[in-house]
Amino acid sequence: PAATMSAAVNNNCGDNGTAPTVAVGVRVRDENECRGTVRYVGPVATSKDKEATWVGVEWDDALRGKHDGSVVEDGAVRRYFRTAEPKGGSFVKPQKLDLGVSLVEALRSRYVTMGAPLLAPNDRFEHFANTKRGATKPIEFKGELRVREQQQLDDGHVAVCSLRFAGVRALGGPPPSAGLGASAVALGRLEKLDLQCNLLASWTAVTDIVDALPNLTALDVSGNDLGRPTGVVLKT
C-alpha cells in the first residue's frame, strides 16, 4: 500500500530569514551539487532504525537515484512516492541535503564588504601553479581591494550578476542580525540577473524576485524546476 506523506509543502522555505525546513515539494541538492525535489519525508520500512526520518528525493538526473520511490519488505512492495524514471529516486538522511539560500544571502556571499578577510593577503593566493619545468609559482592577485570597491552591493555598484548553481531558493529576507539593511539598495540597482540551475521551485518565487528588482531588464531562470505557472502575474 502507498505510504502516507508525513509532511506538507512549506512554501515559505525560510524566506523571512528563518531556516528552511525539509518538506514535500521543496527543492534540494546534495554534496555533489545534484539537484532534486523532495517527494516524501518520514520513516522507511527497510531502514535499520524504524523511527529514523528519511527524505525521499526525485533527482533531476534520472540516473542519480537507486529506485522509483518504493522498497521491498518481506517480498511486498512498499511505495512512498513515484518517480518519472525507474532509477530516479533515493532516500537520503536530512543532514546530507542542502536546502539552499535566499537571493539576498547569495548576493552577500558573492559580494563581500570591504572589511571582509582578503582572499589574497600580500597580493598572493595560498595556491600555487605548476610550471613546465616542474617548479611551482604562487598565484598573484593584484588590486583585490580596488576590485572589491567596485563590487560593493550597498553602494549600488552591481548591476549585472550571475549566480548560477548558487542554491538560490527564493528572494528571502535577512534576519535582523545579518547586517543586510542596505540590501534593498543592492536589489534596486540590479539590471541583469542569471539564476540558472538554482533551487527555485515555483513561479511565485520568480515573481517575488522580479517585484523586488525595479530596474531588472533580463532574468534567466532556466534549469529550475518551476512547474506550470498558475495565476501568476508578472508586474511590468
# chains A, B, ... in the order shown; residues from 1 in each chain; ligands from 1
>>> residues_around(residues="Ser109 (chain A)", least_positions_apart="4", cutoff="12 Å", atoms="only C-alpha atoms", output="PyMOL selection string")
chain A and resi 101-105+113+116+152-153+163+166-168+178+180
>>> select_by_dssp(residues="region 36-150 of chain A", states="strand (DSSP E)", output="number ranges by chain")
A: 36-42, 54-59, 70-73, 76-79, 89-92, 101-102, 124-130, 136-140
>>> residues_around(residues="region 41-57 of chain A", least_positions_apart="5", cutoff="6 Å", atoms="only C-alpha atoms", output="ChimeraX atom specification")
/A:6,89-93
>>> write_last_selection(atoms="all heavy atoms", output="mmCIF file, in the first residue's frame")
data_model
loop_
_atom_site.group_PDB
_atom_site.id
_atom_site.type_symbol
_atom_site.label_atom_id
_atom_site.label_comp_id
_atom_site.auth_asym_id
_atom_site.auth_seq_id
_atom_site.Cartn_x
_atom_site.Cartn_y
_atom_site.Cartn_z
ATOM 1 N N SER A 6 4.186 12.421 5.187
ATOM 2 C CA SER A 6 4.269 12.886 6.560
ATOM 3 C C SER A 6 4.657 14.351 6.682
ATOM 4 O O SER A 6 4.941 14.837 7.748
ATOM 5 C CB SER A 6 5.296 12.047 7.324
ATOM 6 O OG SER A 6 6.575 12.201 6.740
ATOM 7 N N GLY A 89 14.917 7.917 -7.953
ATOM 8 C CA GLY A 89 14.695 8.290 -6.565
ATOM 9 C C GLY A 89 15.712 7.730 -5.596
ATOM 10 O O GLY A 89 16.382 6.729 -5.865
ATOM 11 N N SER A 90 15.828 8.388 -4.441
ATOM 12 C CA SER A 90 16.702 7.930 -3.363
ATOM 13 C C SER A 90 16.086 8.331 -2.033
ATOM 14 O O SER A 90 15.329 9.297 -1.948
ATOM 15 C CB SER A 90 18.097 8.555 -3.457
ATOM 16 O OG SER A 90 18.787 8.162 -4.614
ATOM 17 N N PHE A 91 16.452 7.585 -0.986
ATOM 18 C CA PHE A 91 16.157 8.001 0.375
ATOM 19 C C PHE A 91 17.453 8.531 0.966
ATOM 20 O O PHE A 91 18.476 7.841 0.974
ATOM 21 C CB PHE A 91 15.619 6.836 1.207
ATOM 22 C CG PHE A 91 14.224 6.426 0.818
ATOM 23 C CD1 PHE A 91 14.001 5.200 0.202
ATOM 24 C CD2 PHE A 91 13.155 7.265 1.053
ATOM 25 C CE1 PHE A 91 12.729 4.814 -0.166
ATOM 26 C CE2 PHE A 91 11.869 6.888 0.679
ATOM 27 C CZ PHE A 91 11.658 5.666 0.074
ATOM 28 N N VAL A 92 17.422 9.749 1.470
ATOM 29 C CA VAL A 92 18.620 10.425 1.936
ATOM 30 C C VAL A 92 18.395 10.939 3.356
ATOM 31 O O VAL A 92 17.293 11.377 3.697
ATOM 32 C CB VAL A 92 18.971 11.620 1.018
ATOM 33 C CG1 VAL A 92 20.308 12.236 1.407
ATOM 34 C CG2 VAL A 92 18.984 11.182 -0.449
ATOM 35 N N LYS A 93 19.429 10.902 4.176
ATOM 36 C CA LYS A 93 19.331 11.469 5.509
ATOM 37 C C LYS A 93 19.224 12.991 5.398
ATOM 38 O O LYS A 93 19.907 13.613 4.584
ATOM 39 C CB LYS A 93 20.548 11.079 6.341
ATOM 40 C CG LYS A 93 20.625 9.587 6.651
ATOM 41 C CD LYS A 93 21.832 9.266 7.513
ATOM 42 C CE LYS A 93 21.870 7.773 7.849
ATOM 43 N NZ LYS A 93 23.052 7.421 8.687
#
>>> residues_around(residues="Gly188 (chain A)", least_positions_apart="6", cutoff="7 Å", atoms="only C-alpha atoms", output="ChimeraX atom specification")
/A:213-215
>>> write_last_selection(atoms="N, CA and C atoms", output="PDB file, in the first residue's frame")
ATOM      1  N   LEU A 213      13.001  43.842  -7.876  1.00  0.00           N
ATOM      2  CA  LEU A 213      14.064  44.419  -8.707  1.00  0.00           C
ATOM      3  C   LEU A 213      13.453  45.397  -9.710  1.00  0.00           C
ATOM      4  N   PRO A 214      13.228  46.634  -9.335  1.00  0.00           N
ATOM      5  CA  PRO A 214      12.522  47.589 -10.199  1.00  0.00           C
ATOM      6  C   PRO A 214      13.246  47.918 -11.493  1.00  0.00           C
ATOM      7  N   ASN A 215      14.571  47.760 -11.533  1.00  0.00           N
ATOM      8  CA  ASN A 215      15.327  48.094 -12.741  1.00  0.00           C
ATOM      9  C   ASN A 215      15.709  46.866 -13.565  1.00  0.00           C
TER      10      ASN A 215
END
>>> residues_around(residues="Val221 (chain A)", least_positions_apart="5", cutoff="12 Å", atoms="only C-alpha atoms", output="mmCIF file with C-alpha atoms, in the first residue's frame")
data_model
loop_
_atom_site.group_PDB
_atom_site.id
_atom_site.type_symbol
_atom_site.label_atom_id
_atom_site.label_comp_id
_atom_site.auth_asym_id
_atom_site.auth_seq_id
_atom_site.Cartn_x
_atom_site.Cartn_y
_atom_site.Cartn_z
ATOM 1 C CA SER A 162 25.495 35.755 -12.288
ATOM 2 C CA LEU A 163 24.531 33.321 -9.517
ATOM 3 C CA ARG A 164 24.451 30.034 -11.398
ATOM 4 C CA PHE A 165 24.401 26.901 -9.231
ATOM 5 C CA VAL A 168 19.084 30.228 -4.513
ATOM 6 C CA ARG A 169 15.633 29.074 -3.368
ATOM 7 C CA ALA A 170 13.732 32.379 -3.047
ATOM 8 C CA LYS A 192 20.539 41.664 -15.336
ATOM 9 C CA LEU A 193 20.420 38.560 -13.158
ATOM 10 C CA ASP A 194 21.387 34.997 -14.066
ATOM 11 C CA LEU A 195 19.787 32.399 -11.771
ATOM 12 C CA GLN A 196 20.248 29.330 -13.919
ATOM 13 C CA CYS A 197 20.252 25.923 -12.215
ATOM 14 C CA ASN A 198 19.288 27.023 -8.723
ATOM 15 C CA LEU A 199 16.650 25.721 -6.283
ATOM 16 C CA LEU A 200 13.688 27.887 -7.256
ATOM 17 C CA ALA A 201 10.582 25.721 -7.002
ATOM 18 C CA SER A 202 7.698 27.896 -8.231
ATOM 19 C CA TRP A 203 6.802 30.804 -10.457
ATOM 20 C CA ALA A 205 9.251 32.638 -6.154
ATOM 21 C CA VAL A 206 10.233 34.138 -9.515
ATOM 22 C CA THR A 207 7.606 36.887 -9.312
ATOM 23 C CA ILE A 209 12.252 38.336 -7.199
ATOM 24 C CA VAL A 210 11.017 40.326 -10.189
ATOM 25 C CA LEU A 226 9.261 25.744 -11.645
#
>>> atom_distance(atom1="CA of Thr37 (chain A)", atom2="CA of Ala23 (chain A)")
9.5 Å
>>> select_by_dssp(residues="region 53-210 of chain A", states="alpha helix (DSSP H)", output="list in words")
Leu103, Val104, Glu105, Ala106, Leu107, Arg108, Ser109, Arg110, Glu144, Leu145, Arg146, Val147, Arg148, Glu149, Ser183, Ala184, Val185, Ala186, Leu187, Gly188, Arg189, Trp203, Thr204, Ala205, Val206, Thr207, Asp208, Ile209 and Val210 of chain A
>>> write_last_selection(atoms="N, CA and C atoms", output="PDB file, in the first residue's frame")
ATOM      1  N   LEU A 103      18.122  34.781  -2.141  1.00  0.00           N
ATOM      2  CA  LEU A 103      18.855  35.615  -3.092  1.00  0.00           C
ATOM      3  C   LEU A 103      19.700  36.648  -2.357  1.00  0.00           C
ATOM      4  N   VAL A 104      19.139  37.225  -1.311  1.00  0.00           N
ATOM      5  CA  VAL A 104      19.882  38.219  -0.532  1.00  0.00           C
ATOM      6  C   VAL A 104      21.147  37.602   0.063  1.00  0.00           C
ATOM      7  N   GLU A 105      21.027  36.398   0.612  1.00  0.00           N
ATOM      8  CA  GLU A 105      22.189  35.720   1.195  1.00  0.00           C
ATOM      9  C   GLU A 105      23.227  35.386   0.132  1.00  0.00           C
ATOM     10  N   ALA A 106      22.765  34.938  -1.030  1.00  0.00           N
ATOM     11  CA  ALA A 106      23.692  34.585  -2.103  1.00  0.00           C
ATOM     12  C   ALA A 106      24.456  35.812  -2.599  1.00  0.00           C
ATOM     13  N   LEU A 107      23.763  36.934  -2.711  1.00  0.00           N
ATOM     14  CA  LEU A 107      24.422  38.168  -3.134  1.00  0.00           C
ATOM     15  C   LEU A 107      25.472  38.600  -2.121  1.00  0.00           C
ATOM     16  N   ARG A 108      25.117  38.518  -0.843  1.00  0.00           N
ATOM     17  CA  ARG A 108      26.058  38.937   0.191  1.00  0.00           C
ATOM     18  C   ARG A 108      27.281  38.015   0.230  1.00  0.00           C
ATOM     19  N   SER A 109      27.067  36.730  -0.060  1.00  0.00           N
ATOM     20  CA  SER A 109      28.183  35.793  -0.076  1.00  0.00           C
ATOM     21  C   SER A 109      29.107  36.061  -1.261  1.00  0.00           C
ATOM     22  N   ARG A 110      28.526  36.438  -2.390  1.00  0.00           N
ATOM     23  CA  ARG A 110      29.324  36.679  -3.596  1.00  0.00           C
ATOM     24  C   ARG A 110      30.070  38.008  -3.523  1.00  0.00           C
ATOM     25  N   GLU A 144      43.158  43.563  -5.224  1.00  0.00           N
ATOM     26  CA  GLU A 144      41.932  42.950  -4.694  1.00  0.00           C
ATOM     27  C   GLU A 144      41.002  43.984  -4.067  1.00  0.00           C
ATOM     28  N   LEU A 145      41.540  44.900  -3.313  1.00  0.00           N
ATOM     29  CA  LEU A 145      40.704  45.904  -2.662  1.00  0.00           C
ATOM     30  C   LEU A 145      40.084  46.862  -3.675  1.00  0.00           C
ATOM     31  N   ARG A 146      40.820  47.178  -4.746  1.00  0.00           N
ATOM     32  CA  ARG A 146      40.259  48.048  -5.778  1.00  0.00           C
ATOM     33  C   ARG A 146      39.094  47.364  -6.483  1.00  0.00           C
ATOM     34  N   VAL A 147      39.242  46.067  -6.774  1.00  0.00           N
ATOM     35  CA  VAL A 147      38.151  45.317  -7.394  1.00  0.00           C
ATOM     36  C   VAL A 147      36.961  45.239  -6.448  1.00  0.00           C
ATOM     37  N   ARG A 148      37.241  44.946  -5.192  1.00  0.00           N
ATOM     38  CA  ARG A 148      36.165  44.822  -4.204  1.00  0.00           C
ATOM     39  C   ARG A 148      35.397  46.133  -4.056  1.00  0.00           C
ATOM     40  N   GLU A 149      36.119  47.241  -4.143  1.00  0.00           N
ATOM     41  CA  GLU A 149      35.482  48.555  -4.007  1.00  0.00           C
ATOM     42  C   GLU A 149      34.448  48.792  -5.093  1.00  0.00           C
ATOM     43  N   SER A 183      20.313  46.012   1.748  1.00  0.00           N
ATOM     44  CA  SER A 183      20.141  45.092   0.626  1.00  0.00           C
ATOM     45  C   SER A 183      19.108  45.597  -0.366  1.00  0.00           C
ATOM     46  N   ALA A 184      18.149  46.410   0.084  1.00  0.00           N
ATOM     47  CA  ALA A 184      17.151  46.964  -0.829  1.00  0.00           C
ATOM     48  C   ALA A 184      17.818  47.849  -1.876  1.00  0.00           C
ATOM     49  N   VAL A 185      18.886  48.553  -1.480  1.00  0.00           N
ATOM     50  CA  VAL A 185      19.633  49.370  -2.430  1.00  0.00           C
ATOM     51  C   VAL A 185      20.290  48.492  -3.480  1.00  0.00           C
ATOM     52  N   ALA A 186      20.896  47.391  -3.026  1.00  0.00           N
ATOM     53  CA  ALA A 186      21.571  46.477  -3.945  1.00  0.00           C
ATOM     54  C   ALA A 186      20.580  45.877  -4.936  1.00  0.00           C
ATOM     55  N   LEU A 187      19.440  45.421  -4.438  1.00  0.00           N
ATOM     56  CA  LEU A 187      18.435  44.820  -5.311  1.00  0.00           C
ATOM     57  C   LEU A 187      17.898  45.844  -6.308  1.00  0.00           C
ATOM     58  N   GLY A 188      17.743  47.068  -5.849  1.00  0.00           N
ATOM     59  CA  GLY A 188      17.171  48.098  -6.717  1.00  0.00           C
ATOM     60  C   GLY A 188      18.054  48.465  -7.885  1.00  0.00           C
ATOM     61  N   ARG A 189      19.356  48.202  -7.793  1.00  0.00           N
ATOM     62  CA  ARG A 189      20.274  48.545  -8.880  1.00  0.00           C
ATOM     63  C   ARG A 189      20.496  47.411  -9.874  1.00  0.00           C
ATOM     64  N   TRP A 203       6.816  29.513  -9.778  1.00  0.00           N
ATOM     65  CA  TRP A 203       6.802  30.804 -10.457  1.00  0.00           C
ATOM     66  C   TRP A 203       6.500  31.926  -9.478  1.00  0.00           C
ATOM     67  N   THR A 204       5.872  31.605  -8.369  1.00  0.00           N
ATOM     68  CA  THR A 204       5.644  32.616  -7.339  1.00  0.00           C
ATOM     69  C   THR A 204       6.965  33.136  -6.802  1.00  0.00           C
ATOM     70  N   ALA A 205       7.923  32.221  -6.606  1.00  0.00           N
ATOM     71  CA  ALA A 205       9.251  32.638  -6.154  1.00  0.00           C
ATOM     72  C   ALA A 205       9.905  33.562  -7.171  1.00  0.00           C
ATOM     73  N   VAL A 206       9.676  33.298  -8.464  1.00  0.00           N
ATOM     74  CA  VAL A 206      10.233  34.138  -9.515  1.00  0.00           C
ATOM     75  C   VAL A 206       9.595  35.529  -9.490  1.00  0.00           C
ATOM     76  N   THR A 207       8.280  35.581  -9.339  1.00  0.00           N
ATOM     77  CA  THR A 207       7.606  36.887  -9.312  1.00  0.00           C
ATOM     78  C   THR A 207       8.031  37.707  -8.102  1.00  0.00           C
ATOM     79  N   ASP A 208       8.283  37.050  -6.981  1.00  0.00           N
ATOM     80  CA  ASP A 208       8.768  37.769  -5.806  1.00  0.00           C
ATOM     81  C   ASP A 208      10.087  38.467  -6.106  1.00  0.00           C
ATOM     82  N   ILE A 209      10.955  37.763  -6.833  1.00  0.00           N
ATOM     83  CA  ILE A 209      12.252  38.336  -7.199  1.00  0.00           C
ATOM     84  C   ILE A 209      12.081  39.489  -8.177  1.00  0.00           C
ATOM     85  N   VAL A 210      11.247  39.273  -9.190  1.00  0.00           N
ATOM     86  CA  VAL A 210      11.017  40.326 -10.189  1.00  0.00           C
ATOM     87  C   VAL A 210      10.445  41.581  -9.541  1.00  0.00           C
TER      88      VAL A 210
END
>>> atom_distance(atom1="CA of Asp61 (chain A)", atom2="CA of Glu33 (chain A)")
11.0 Å
>>> atom_distance(atom1="CA of Gln151 (chain A)", atom2="CA of Leu190 (chain A)")
12.1 Å
>>> residues_around(residues="region 68-71 of chain A", least_positions_apart="3", cutoff="8 Å", atoms="only C-alpha atoms", output="VMD selection string")
chain A and resid 45 to 46 56 58 77 to 90
>>> residues_around(residues="Asp98 (chain A)", least_positions_apart="4", cutoff="9 Å", atoms="only C-alpha atoms", output="list in words")
Arg27, Val28, Arg29, Asp30, Glu31, Pro94 and Gly167 of chain A
>>> write_last_selection(atoms="all heavy atoms", output="mmCIF file, in the first residue's frame")
data_model
loop_
_atom_site.group_PDB
_atom_site.id
_atom_site.type_symbol
_atom_site.label_atom_id
_atom_site.label_comp_id
_atom_site.auth_asym_id
_atom_site.auth_seq_id
_atom_site.Cartn_x
_atom_site.Cartn_y
_atom_site.Cartn_z
ATOM 1 N N ARG A 27 12.844 22.047 -3.112
ATOM 2 C CA ARG A 27 13.993 21.694 -3.931
ATOM 3 C C ARG A 27 15.233 21.584 -3.049
ATOM 4 O O ARG A 27 15.438 22.383 -2.134
ATOM 5 C CB ARG A 27 14.222 22.754 -5.011
ATOM 6 C CG ARG A 27 13.086 22.854 -6.006
ATOM 7 C CD ARG A 27 13.159 21.762 -7.037
ATOM 8 N NE ARG A 27 14.284 21.970 -7.948
ATOM 9 C CZ ARG A 27 14.755 21.035 -8.764
ATOM 10 N NH1 ARG A 27 14.244 19.810 -8.757
ATOM 11 N NH2 ARG A 27 15.758 21.305 -9.567
ATOM 12 N N VAL A 28 16.078 20.597 -3.337
ATOM 13 C CA VAL A 28 17.278 20.355 -2.537
ATOM 14 C C VAL A 28 18.444 20.001 -3.453
ATOM 15 O O VAL A 28 18.268 19.744 -4.644
ATOM 16 C CB VAL A 28 17.055 19.201 -1.524
ATOM 17 C CG1 VAL A 28 16.016 19.584 -0.484
ATOM 18 C CG2 VAL A 28 16.651 17.915 -2.254
ATOM 19 N N ARG A 29 19.646 19.964 -2.865
ATOM 20 C CA ARG A 29 20.816 19.490 -3.579
ATOM 21 C C ARG A 29 21.701 18.745 -2.588
ATOM 22 O O ARG A 29 21.627 18.959 -1.377
ATOM 23 C CB ARG A 29 21.599 20.641 -4.214
ATOM 24 C CG ARG A 29 22.113 21.679 -3.237
ATOM 25 C CD ARG A 29 22.841 22.804 -3.946
ATOM 26 N NE ARG A 29 23.310 23.825 -3.007
ATOM 27 C CZ ARG A 29 24.030 24.884 -3.339
ATOM 28 N NH1 ARG A 29 24.376 25.065 -4.609
ATOM 29 N NH2 ARG A 29 24.403 25.776 -2.436
ATOM 30 N N ASP A 30 22.550 17.853 -3.119
ATOM 31 C CA ASP A 30 23.439 17.101 -2.238
ATOM 32 C C ASP A 30 24.854 17.654 -2.332
ATOM 33 O O ASP A 30 25.092 18.678 -2.979
ATOM 34 C CB ASP A 30 23.399 15.600 -2.564
ATOM 35 C CG ASP A 30 23.968 15.278 -3.946
ATOM 36 O OD1 ASP A 30 24.523 16.184 -4.608
ATOM 37 O OD2 ASP A 30 23.858 14.118 -4.375
ATOM 38 N N GLU A 31 25.796 16.983 -1.677
ATOM 39 C CA GLU A 31 27.169 17.467 -1.631
ATOM 40 C C GLU A 31 27.853 17.448 -2.992
ATOM 41 O O GLU A 31 28.885 18.092 -3.174
ATOM 42 C CB GLU A 31 27.968 16.634 -0.640
ATOM 43 C CG GLU A 31 28.017 15.146 -0.976
ATOM 44 C CD GLU A 31 28.690 14.322 0.108
ATOM 45 O OE1 GLU A 31 29.105 14.915 1.124
ATOM 46 O OE2 GLU A 31 28.800 13.098 -0.072
ATOM 47 N N PRO A 94 18.365 13.608 6.206
ATOM 48 C CA PRO A 94 18.144 15.062 6.095
ATOM 49 C C PRO A 94 19.425 15.878 6.153
ATOM 50 O O PRO A 94 19.567 16.878 5.441
ATOM 51 C CB PRO A 94 17.235 15.368 7.287
ATOM 52 C CG PRO A 94 16.519 14.089 7.557
ATOM 53 C CD PRO A 94 17.509 13.003 7.241
ATOM 54 N N GLY A 167 22.408 27.774 -5.408
ATOM 55 C CA GLY A 167 21.464 27.249 -4.425
ATOM 56 C C GLY A 167 20.392 28.235 -4.012
ATOM 57 O O GLY A 167 19.796 28.091 -2.937
#
>>> decode(residues="region 73-129 of chain A", atoms="C-alpha atoms", output="PDB file, in the first residue's frame")
ATOM      1  CA  GLU A  73       9.814  -5.554   2.509  1.00  0.00           C
ATOM      2  CA  ASP A  74       9.278  -9.299   3.056  1.00  0.00           C
ATOM      3  CA  GLY A  75       8.575  -9.746  -0.644  1.00  0.00           C
ATOM      4  CA  ALA A  76       5.966  -6.990  -0.762  1.00  0.00           C
ATOM      5  CA  VAL A  77       6.413  -3.616  -2.448  1.00  0.00           C
ATOM      6  CA  ARG A  78       6.030  -0.615  -0.154  1.00  0.00           C
ATOM      7  CA  ARG A  79       5.639   2.606  -2.102  1.00  0.00           C
ATOM      8  CA  TYR A  80       6.448   6.005  -0.607  1.00  0.00           C
ATOM      9  CA  PHE A  81       6.467   8.107  -3.777  1.00  0.00           C
ATOM     10  CA  ARG A  82       6.695   7.566  -7.518  1.00  0.00           C
ATOM     11  CA  THR A  83       9.391   8.884  -9.851  1.00  0.00           C
ATOM     12  CA  ALA A  84       9.097   9.527 -13.556  1.00  0.00           C
ATOM     13  CA  GLU A  85      12.064   7.226 -14.227  1.00  0.00           C
ATOM     14  CA  PRO A  86      12.726   3.765 -12.695  1.00  0.00           C
ATOM     15  CA  LYS A  87      16.008   4.835 -11.047  1.00  0.00           C
ATOM     16  CA  GLY A  88      15.214   8.455 -10.327  1.00  0.00           C
ATOM     17  CA  GLY A  89      14.695   8.290  -6.565  1.00  0.00           C
ATOM     18  CA  SER A  90      16.702   7.930  -3.363  1.00  0.00           C
ATOM     19  CA  PHE A  91      16.157   8.001   0.375  1.00  0.00           C
ATOM     20  CA  VAL A  92      18.620  10.425   1.936  1.00  0.00           C
ATOM     21  CA  LYS A  93      19.331  11.469   5.509  1.00  0.00           C
ATOM     22  CA  PRO A  94      18.144  15.062   6.095  1.00  0.00           C
ATOM     23  CA  GLN A  95      21.600  16.260   7.156  1.00  0.00           C
ATOM     24  CA  LYS A  96      23.018  15.198   3.795  1.00  0.00           C
ATOM     25  CA  LEU A  97      20.837  17.685   1.919  1.00  0.00           C
ATOM     26  CA  ASP A  98      21.234  21.396   1.327  1.00  0.00           C
ATOM     27  CA  LEU A  99      18.040  23.456   1.100  1.00  0.00           C
ATOM     28  CA  GLY A 100      19.784  26.450  -0.381  1.00  0.00           C
ATOM     29  CA  VAL A 101      19.887  30.134   0.463  1.00  0.00           C
ATOM     30  CA  SER A 102      17.895  33.268  -0.266  1.00  0.00           C
ATOM     31  CA  LEU A 103      18.855  35.615  -3.092  1.00  0.00           C
ATOM     32  CA  VAL A 104      19.882  38.219  -0.532  1.00  0.00           C
ATOM     33  CA  GLU A 105      22.189  35.720   1.195  1.00  0.00           C
ATOM     34  CA  ALA A 106      23.692  34.585  -2.103  1.00  0.00           C
ATOM     35  CA  LEU A 107      24.422  38.168  -3.134  1.00  0.00           C
ATOM     36  CA  ARG A 108      26.058  38.937   0.191  1.00  0.00           C
ATOM     37  CA  SER A 109      28.183  35.793  -0.076  1.00  0.00           C
ATOM     38  CA  ARG A 110      29.324  36.679  -3.596  1.00  0.00           C
ATOM     39  CA  TYR A 111      29.987  40.370  -2.986  1.00  0.00           C
ATOM     40  CA  VAL A 112      31.690  40.752   0.382  1.00  0.00           C
ATOM     41  CA  THR A 113      32.171  44.000   2.272  1.00  0.00           C
ATOM     42  CA  MET A 114      35.402  45.979   2.289  1.00  0.00           C
ATOM     43  CA  GLY A 115      36.160  44.740   5.785  1.00  0.00           C
ATOM     44  CA  ALA A 116      35.918  41.041   4.948  1.00  0.00           C
ATOM     45  CA  PRO A 117      39.136  38.952   5.094  1.00  0.00           C
ATOM     46  CA  LEU A 118      41.258  39.182   1.960  1.00  0.00           C
ATOM     47  CA  LEU A 119      41.366  36.216  -0.400  1.00  0.00           C
ATOM     48  CA  ALA A 120      44.953  37.011  -1.341  1.00  0.00           C
ATOM     49  CA  PRO A 121      46.871  38.565   1.562  1.00  0.00           C
ATOM     50  CA  ASN A 122      50.054  40.250   0.350  1.00  0.00           C
ATOM     51  CA  ASP A 123      48.653  40.013  -3.193  1.00  0.00           C
ATOM     52  CA  ARG A 124      49.093  36.221  -3.301  1.00  0.00           C
ATOM     53  CA  PHE A 125      46.724  33.261  -3.058  1.00  0.00           C
ATOM     54  CA  GLU A 126      47.599  30.277  -0.906  1.00  0.00           C
ATOM     55  CA  HIS A 127      47.525  28.097  -4.040  1.00  0.00           C
ATOM     56  CA  PHE A 128      50.416  27.530  -6.434  1.00  0.00           C
ATOM     57  CA  ALA A 129      50.663  26.903 -10.179  1.00  0.00           C
TER      58      ALA A 129
END
